[in-house]
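> Contents of my_file11.tsv (TSV, C-alpha atoms) are given next:
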chain	number	residue	atom	x	y	z
J	113	MET	CA	0.00	0.00	0.00
J	114	LEU	CA	1.11	3.54	-0.81
J	115	ILE	CA	-0.51	6.82	0.21
J	116	LEU	CA	-0.16	10.41	-0.96
J	117	PRO	CA	-1.25	13.83	0.36
J	118	GLY	CA	-4.55	15.43	-0.61
J	119	ASN	CA	-5.99	18.84	0.09
J	120	HIS	CA	-7.92	17.57	3.12
J	121	ASP	CA	-4.60	16.52	4.64
J	122	VAL	CA	-2.90	19.89	4.39
J	123	ASN	CA	-5.24	22.70	3.32
J	124	ILE	CA	-8.44	22.35	5.36
J	125	VAL	CA	-8.52	25.18	7.89
J	126	ASP	CA	-11.94	24.83	9.50
J	127	ARG	CA	-14.71	22.92	7.71
J	128	ALA	CA	-17.32	24.44	10.04
J	129	ASN	CA	-16.23	27.98	9.16
J	130	PRO	CA	-15.23	28.36	5.48
J	131	ALA	CA	-14.41	32.04	5.98
J	132	ARG	CA	-11.63	31.32	8.45
J	133	LEU	CA	-8.14	32.13	7.20
J	134	ASP	CA	-4.75	30.56	7.73
J	135	LEU	CA	-2.06	33.23	7.51
J	136	PRO	CA	0.66	32.34	4.96
J	137	PHE	CA	3.26	32.06	7.74
J	138	SER	CA	1.00	30.17	10.16
J	139	PRO	CA	2.82	27.32	11.95
J	140	ILE	CA	-0.41	25.30	11.79
J	141	LYS	CA	0.10	24.87	8.03
J	142	ALA	CA	3.52	23.32	8.59
J	143	LEU	CA	2.16	21.15	11.40
J	144	ARG	CA	-0.44	19.62	9.07
J	145	LYS	CA	2.29	18.88	6.53
J	146	MET	CA	4.49	17.20	9.13
J	147	ARG	CA	1.50	15.13	10.25
J	148	ALA	CA	0.96	13.97	6.65
J	149	LEU	CA	4.66	13.12	6.26
J	150	SER	CA	4.55	11.15	9.50
J	151	ALA	CA	1.68	9.03	8.17
J	152	MET	CA	3.48	8.43	4.87
J	153	ASP	CA	6.64	7.49	6.75
J	154	ALA	CA	4.74	4.92	8.81
J	155	ILE	CA	3.23	3.30	5.69
J	156	GLN	CA	6.03	3.48	3.12
J	157	GLY	CA	9.00	5.31	4.61
J	158	GLU	CA	11.50	2.50	4.04
J	159	ARG	CA	10.41	1.84	0.45
J	160	VAL	CA	10.14	5.22	-1.29
J	161	LEU	CA	13.05	7.46	-2.24
J	162	THR	CA	13.50	11.21	-2.38
J	163	SER	CA	15.35	12.87	-5.25
J	164	ASP	CA	18.53	12.72	-3.14
J	165	GLY	CA	18.40	8.92	-3.25
J	166	GLU	CA	17.65	8.42	0.44
J	167	THR	CA	14.49	6.83	1.77
J	168	LEU	CA	11.76	9.00	3.21
J	169	SER	CA	12.54	7.55	6.64
J	170	GLN	CA	16.18	8.57	6.31
J	171	ALA	CA	15.25	12.08	5.20
J	172	LEU	CA	12.92	12.53	8.18
J	173	GLU	CA	15.23	10.89	10.72
J	174	ALA	CA	17.81	13.60	10.17
J	175	ARG	CA	15.17	16.21	11.04
J	176	ARG	CA	13.28	14.27	13.72
J	177	PRO	CA	14.45	16.31	16.76
J	178	GLU	CA	13.49	19.50	14.95
J	179	ILE	CA	10.08	18.09	13.97
J	180	GLU	CA	9.37	16.88	17.50
J	181	GLN	CA	10.39	20.21	19.00
J	182	PHE	CA	8.19	22.05	16.51
J	183	ALA	CA	5.21	19.78	17.27
J	184	GLY	CA	5.60	20.54	20.98
J	185	GLU	CA	6.54	24.19	20.93
J	186	GLY	CA	5.70	25.64	17.50
J	187	GLY	CA	7.76	28.55	16.24
J	188	PHE	CA	7.75	30.62	13.07
J	189	ARG	CA	11.38	29.93	12.13
J	190	ARG	CA	11.05	26.17	12.46
J	191	SER	CA	7.75	26.40	10.59
J	192	GLY	CA	9.46	27.92	7.55
J	193	GLU	CA	12.31	25.40	7.63
J	194	LEU	CA	9.92	22.42	7.80
J	195	ALA	CA	7.77	23.86	5.03
J	196	ARG	CA	10.89	23.71	2.84
J	197	LEU	CA	11.43	20.10	3.92
J	198	TRP	CA	7.89	19.31	2.71
J	199	GLN	CA	8.67	20.75	-0.70
J	200	ALA	CA	12.02	18.98	-0.92
J	201	VAL	CA	10.88	15.39	-0.39
J	202	PHE	CA	8.49	15.24	-3.37
J	203	PRO	CA	8.22	13.43	-5.65
J	204	LEU	CA	8.61	10.19	-3.73
J	205	ILE	CA	9.72	7.36	-5.97
J	206	LEU	CA	9.12	3.65	-5.53
J	207	PRO	CA	11.73	2.45	-8.04
J	208	PRO	CA	11.14	-0.50	-10.34
J	209	ASP	CA	12.61	-3.81	-9.17
J	210	ARG	CA	14.28	-4.29	-12.56
J	211	GLU	CA	15.16	-1.99	-15.44
J	212	ASP	CA	11.91	-2.67	-17.34
J	213	GLY	CA	9.74	-3.10	-14.25
J	214	LEU	CA	7.00	-0.94	-12.74
J	215	GLY	CA	7.78	2.16	-10.71
J	216	VAL	CA	5.45	4.46	-8.81
J	217	ALA	CA	5.85	8.23	-8.56
J	218	ILE	CA	4.01	9.84	-5.63
J	219	LEU	CA	3.38	13.55	-6.17
J	220	ASN	CA	2.24	16.44	-4.01
J	221	SER	CA	-0.26	18.34	-6.16
J	222	ASN	CA	-1.65	20.61	-3.43
J	223	ALA	CA	-1.47	24.35	-3.94
J	224	ASP	CA	-0.27	26.15	-0.83
J	225	THR	CA	-3.49	27.97	0.05
J	226	ASN	CA	-4.69	29.87	3.11
J	227	PHE	CA	-8.48	29.95	2.75
J	228	SER	CA	-11.11	27.24	3.05
J	229	PHE	CA	-12.78	28.30	-0.21
J	230	THR	CA	-9.50	27.72	-2.08
J	231	ASN	CA	-8.35	24.62	-0.22
J	232	ALA	CA	-9.14	22.32	-3.15
J	233	LEU	CA	-6.85	24.05	-5.67
J	234	GLY	CA	-4.10	21.94	-7.20
J	235	LEU	CA	-0.75	23.02	-8.59
J	236	MET	CA	2.29	21.12	-9.84
J	237	ALA	CA	5.53	22.81	-8.83
J	238	VAL	CA	8.16	23.18	-11.56
J	239	GLY	CA	10.91	21.75	-9.36
J	240	GLU	CA	8.84	18.70	-8.51
J	241	ALA	CA	8.03	18.10	-12.18
J	242	LEU	CA	11.72	18.31	-13.11
J	243	LYS	CA	12.65	15.80	-10.41
J	244	LEU	CA	9.89	13.52	-11.71
J	245	THR	CA	11.25	13.51	-15.27
J	246	ALA	CA	14.77	12.97	-13.89
J	247	ALA	CA	13.47	9.81	-12.19
J	248	PHE	CA	11.92	8.68	-15.46
J	249	ASP	CA	15.22	9.24	-17.23
J	250	ARG	CA	17.12	7.18	-14.65
J	251	TYR	CA	14.96	4.19	-15.58
J	252	PRO	CA	14.32	4.68	-19.34
J	253	LYS	CA	12.90	1.18	-19.85
J	254	ALA	CA	10.57	1.22	-16.86
J	255	ARG	CA	6.80	1.65	-16.80
J	256	TRP	CA	5.25	4.06	-14.31
J	257	ILE	CA	2.19	4.76	-12.25
J	258	VAL	CA	2.06	8.51	-11.61
J	259	ALA	CA	-0.08	9.03	-8.51
J	260	LEU	CA	-1.38	12.44	-7.47
J	261	HIS	CA	-4.48	13.80	-5.80
J	262	HIS	CA	-5.81	16.32	-8.34
J	263	HIS	CA	-7.17	15.97	-11.86
J	264	LEU	CA	-4.76	16.75	-14.67
J	265	ILE	CA	-7.51	18.12	-16.90
J	266	GLU	CA	-11.25	18.72	-16.95
J	267	TYR	CA	-13.02	15.61	-18.20
J	268	PRO	CA	-15.68	15.46	-20.97
J	269	MET	CA	-18.59	14.52	-18.75
J	270	PRO	CA	-21.66	16.40	-17.50
J	271	VAL	CA	-21.87	17.82	-13.99
J	272	ALA	CA	-24.88	18.84	-11.93
J	273	ALA	CA	-23.54	22.32	-11.17
J	274	PHE	CA	-20.80	24.61	-12.47
J	275	SER	CA	-19.32	24.69	-8.95
J	276	GLU	CA	-18.27	21.05	-9.43
J	277	ARG	CA	-15.78	22.19	-12.08
J	278	VAL	CA	-14.24	24.98	-9.99
J	279	GLY	CA	-10.87	23.98	-8.60
J	280	THR	CA	-11.14	20.35	-9.69
J	281	ALA	CA	-8.13	20.24	-12.03
J	282	LEU	CA	-4.54	21.37	-11.64
J	283	ILE	CA	-4.17	25.09	-12.22
J	284	ASN	CA	-1.25	24.33	-14.54
J	285	GLY	CA	-2.55	20.95	-15.69
J	286	SER	CA	-2.10	21.63	-19.41
J	287	TRP	CA	1.57	22.49	-18.78
J	288	PHE	CA	2.06	19.34	-16.70
J	289	LEU	CA	0.53	17.23	-19.48
J	290	ARG	CA	3.16	18.64	-21.83
J	291	VAL	CA	5.85	17.65	-19.31
J	292	LEU	CA	4.51	14.07	-19.28
J	293	LYS	CA	3.98	13.82	-23.05
J	294	PRO	CA	7.47	12.47	-23.95
J	295	TYR	CA	6.81	9.58	-21.53
J	296	GLU	CA	3.10	9.08	-22.22
J	297	SER	CA	3.30	5.52	-23.55
J	298	HIS	CA	5.14	4.44	-20.38
J	299	VAL	CA	2.78	6.12	-17.90
J	300	VAL	CA	-0.61	5.55	-16.30
J	301	VAL	CA	-1.84	8.48	-14.22
J	302	MET	CA	-4.09	7.73	-11.22
J	303	HIS	CA	-5.83	10.35	-9.09
J	304	GLY	CA	-8.85	11.06	-6.92
J	305	HIS	CA	-9.97	14.47	-5.58
J	306	ARG	CA	-13.50	14.84	-7.00
J	307	HIS	CA	-14.42	11.16	-6.60
J	308	LYS	CA	-15.49	10.83	-10.26
J	309	ASP	CA	-15.64	7.44	-11.95
J	310	TRP	CA	-13.78	8.09	-15.21
J	311	ILE	CA	-11.14	6.23	-17.24
J	312	GLY	CA	-9.81	7.78	-20.42
J	313	ALA	CA	-6.71	8.92	-22.26
J	314	CYS	CA	-4.88	12.03	-23.36
J	315	GLY	CA	-2.97	10.96	-26.44
J	316	SER	CA	-1.58	7.54	-25.54
J	317	MET	CA	-1.38	8.30	-21.80
J	318	ARG	CA	-4.07	6.55	-19.77
J	319	ILE	CA	-5.73	8.48	-16.95
J	320	VAL	CA	-7.75	6.88	-14.16
J	321	SER	CA	-10.04	8.95	-11.95
J	322	ALA	CA	-11.08	6.92	-8.94
J	323	PRO	CA	-14.58	6.84	-7.48
J	324	SER	CA	-14.68	7.19	-3.72
J	325	PRO	CA	-16.83	4.63	-1.90
J	326	VAL	CA	-16.36	6.40	1.42
J	327	MET	CA	-18.05	9.52	0.02
J	328	ALA	CA	-21.19	7.68	-1.07
J	329	PRO	CA	-24.22	7.76	1.24
J	330	ASP	CA	-24.48	4.60	3.33
J	331	VAL	CA	-27.98	3.96	1.98
J	332	ARG	CA	-26.81	3.75	-1.65
J	333	PRO	CA	-24.75	1.00	-3.29
J	334	THR	CA	-21.35	2.03	-4.58
J	335	HIS	CA	-18.26	0.41	-6.11
J	336	LEU	CA	-14.53	0.44	-6.54
J	337	TYR	CA	-12.11	-0.94	-9.14
J	338	ILE	CA	-9.14	-3.28	-9.03
J	339	HIS	CA	-6.84	-2.37	-11.92
J	340	THR	CA	-4.44	-4.69	-13.73
J	341	LEU	CA	-1.47	-3.39	-15.71
J	342	ALA	CA	0.51	-5.22	-18.38
J	343	ALA	CA	3.76	-4.59	-20.24
J	344	GLY	CA	3.43	-3.85	-23.94
J	345	ARG	CA	5.87	-5.33	-26.43
J	346	ASP	CA	7.09	-1.88	-27.46
J	347	GLY	CA	8.01	-0.89	-23.91
J	348	SER	CA	4.63	0.69	-23.24
J	349	ILE	CA	2.31	0.09	-20.31
J	350	CYS	CA	-1.16	-1.33	-20.89
J	351	LEU	CA	-4.23	-0.73	-18.74
J	352	LEU	CA	-6.42	-3.82	-18.86
J	353	ARG	CA	-10.14	-4.01	-18.22
J	354	PRO	CA	-10.62	-3.37	-14.49
J	355	GLU	CA	-12.48	-5.59	-12.10
J	356	ARG	CA	-15.48	-3.76	-10.65
J	357	VAL	CA	-16.24	-4.55	-7.02
J	358	GLU	CA	-19.82	-3.77	-5.96
J	359	LEU	CA	-20.42	-2.54	-2.41
J	360	ALA	CA	-23.97	-2.96	-1.17
J	361	ALA	CA	-25.81	-0.27	0.73
J	362	GLU	CA	-26.11	-0.66	4.46
J	363	ALA	CA	-29.35	-2.32	5.56
J	364	ALA	CA	-31.85	0.00	7.25
J	365	ALA	CA	-31.89	-0.33	11.01
Go through the file and emit its structure as structure tokens.

Amino acid sequence: MLILPGNHDVNIVDRANPARLDLPFSPIKALRKMRALSAMDAIQGERVLTSDGETLSQALEARRPEIEQFAGEGGFRRSGELARLWQAVFPLILPPDREDGLGVAILNSNADTNFSFTNALGLMAVGEALKLTAAFDRYPKARWIVALHHHLIEYPMPVAAFSERVGTALINGSWFLRVLKPYESHVVVMHGHRHKDWIGACGSMRIVSAPSPVMAPDVRPTHLYIHTLAAGRDGSICLLRPERVELAAEAAA
């Protein structure tokens, strides 16, 4: 299992009061990021690598006293330093086990926002994108799952209200698609965010938008998918027909 950060992990200020602000230099923002990193460390810290070639656990161990002191005492200076640590560790790379194997790139696609109404915005940082392509280039024969929280693009499907389209895709998604284009036959992109059930392609790059069973009302049936990937003869990655798993509604009490 691998996990990645979403906007509810780092950008929610106060769901009961959408008008509440987080100041840009608020230590609470850095605290939420350290909490998310701690969860990722517990799940996959020994398996995923930073761009410096060390595991996530190694990168955090060197800063552990500082993180623990910050969690207990706060502080604006430590807040800024740990915010830079957050930016530095992504993307996290689970490297392929052989030169033509399958790797996973875990991205942070959250824009650094300060307001509940903008908490859902997504943005791909230039530095993170460059480190991602450098990882691709280190394993030129590998296939990749690129995992991020936000949509790359707006999808050709109807919505009930215009508000559903606001802030659903990366602000710079069209630019990020151009970054991925040279690698598109070797990549499957998987994301969540708006909980839409959609599988499609942009050029030859497959994109999977996951439904979210936990967001469905308990009284309605829902579903999830188990995806199977295969290696193409030309070095590409193939997305096979997924297995749909039906989840029944809870019985009325």
> Using only C-alpha atoms, which of J:Ala217, J:Ile179, J:Arg159, J:Thr225 sits nearest J:Asp134?
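Looking only at the distances to J:Asp134, the closest residue turns out to be J:Thr225.
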> Show me the residues close to (-3.1, 9.4, -20.8) - anything with an atom within 8 Å, counting all atoms listed in the file - and format the list as a ChimeraX atom specification.
/J:296-297,299-301,312-319
> Kindly give the distance, in Å, that separates atom CA of J:Phe202 and atom CA of J:Gly184, rounded to a single decimal.
25.1 Å
> Nearest residue to J:Thr162 out of J:Leu206, J:Ala343, J:Leu282, J:Leu194, using all atoms listed in the file?
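That would be J:Leu206, the residue with the smallest distance to J:Thr162.
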> What is the distance, in Å and to one decimal place, between atom CA of J:Val160 and atom CA of J:Ala254?
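Answer for the atom CA of J:Val160 to atom CA of J:Ala254 separation: 16.1 Å.
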> For the atom pair atom CA of J:Gly165 and atom CA of J:Tyr251, what is the interatomic distance in Å to one decimal place?
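Calculated distance between atom CA of J:Gly165 and atom CA of J:Tyr251 is 13.6 Å.
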> When you count all atoms listed in the file, which of these residues is closest to J:Asp121: J:Thr280, J:Asn220, J:Ser163, J:Ser324?
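Of all the options, J:Asn220 lies closest to J:Asp121.
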> Quick one: everything within 9 Å of J:Ala241, counting only C-alpha atoms, minus sequence neighbours fewer than 2 positions away in the same chain. Send it as a list in words.
Pro203, Leu219, Met236, Ala237, Val238, Gly239, Lys243, Leu244, Thr245, Ala246, Phe288, Val291 and Leu292 of chain J
> Can you work out which one of J:Leu116, J:Ala195, J:Glu178, J:Ser228 has the shortest atom-to-atom distance to J:Met302, counting all atoms listed in the file?
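Between J:Leu116, J:Ala195, J:Glu178, J:Ser228, the residue approaching J:Met302 most closely is J:Leu116.
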> Tell me which protein, DNA and RNA residues are within 10 Å of J:Leu235, counting all atoms listed in the file, leaving out same-chain ones fewer than 4 positions away, and put them as a ChimeraX atom specification.
/J:220-224,262,264,281-285,288
> Give me the residues near stretch 196-201 of chain J as a PyMOL selection string, where near means some atom within 9 Å (using all atoms listed in the file) and where sequence neighbours in that chain fewer than 3 positions away do not count.
chain J and resi 142+145-146+149+161-164+168+171-172+175+191-193+204+220+237+239-240
> When you count only C-alpha atoms, which of these residues is closest to J:His263: J:Tyr337, J:Trp310, J:Phe229, J:Phe188?
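Under the stated criterion, the closest residue is J:Trp310.
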> My list of candidates is J:Thr334, J:Leu260, J:Leu114, J:His120. Which is closest to J:Glu158 when distances are computed with all atoms listed in the file?
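Among J:Thr334, J:Leu260, J:Leu114, J:His120, it is J:Leu114 that comes nearest to J:Glu158.
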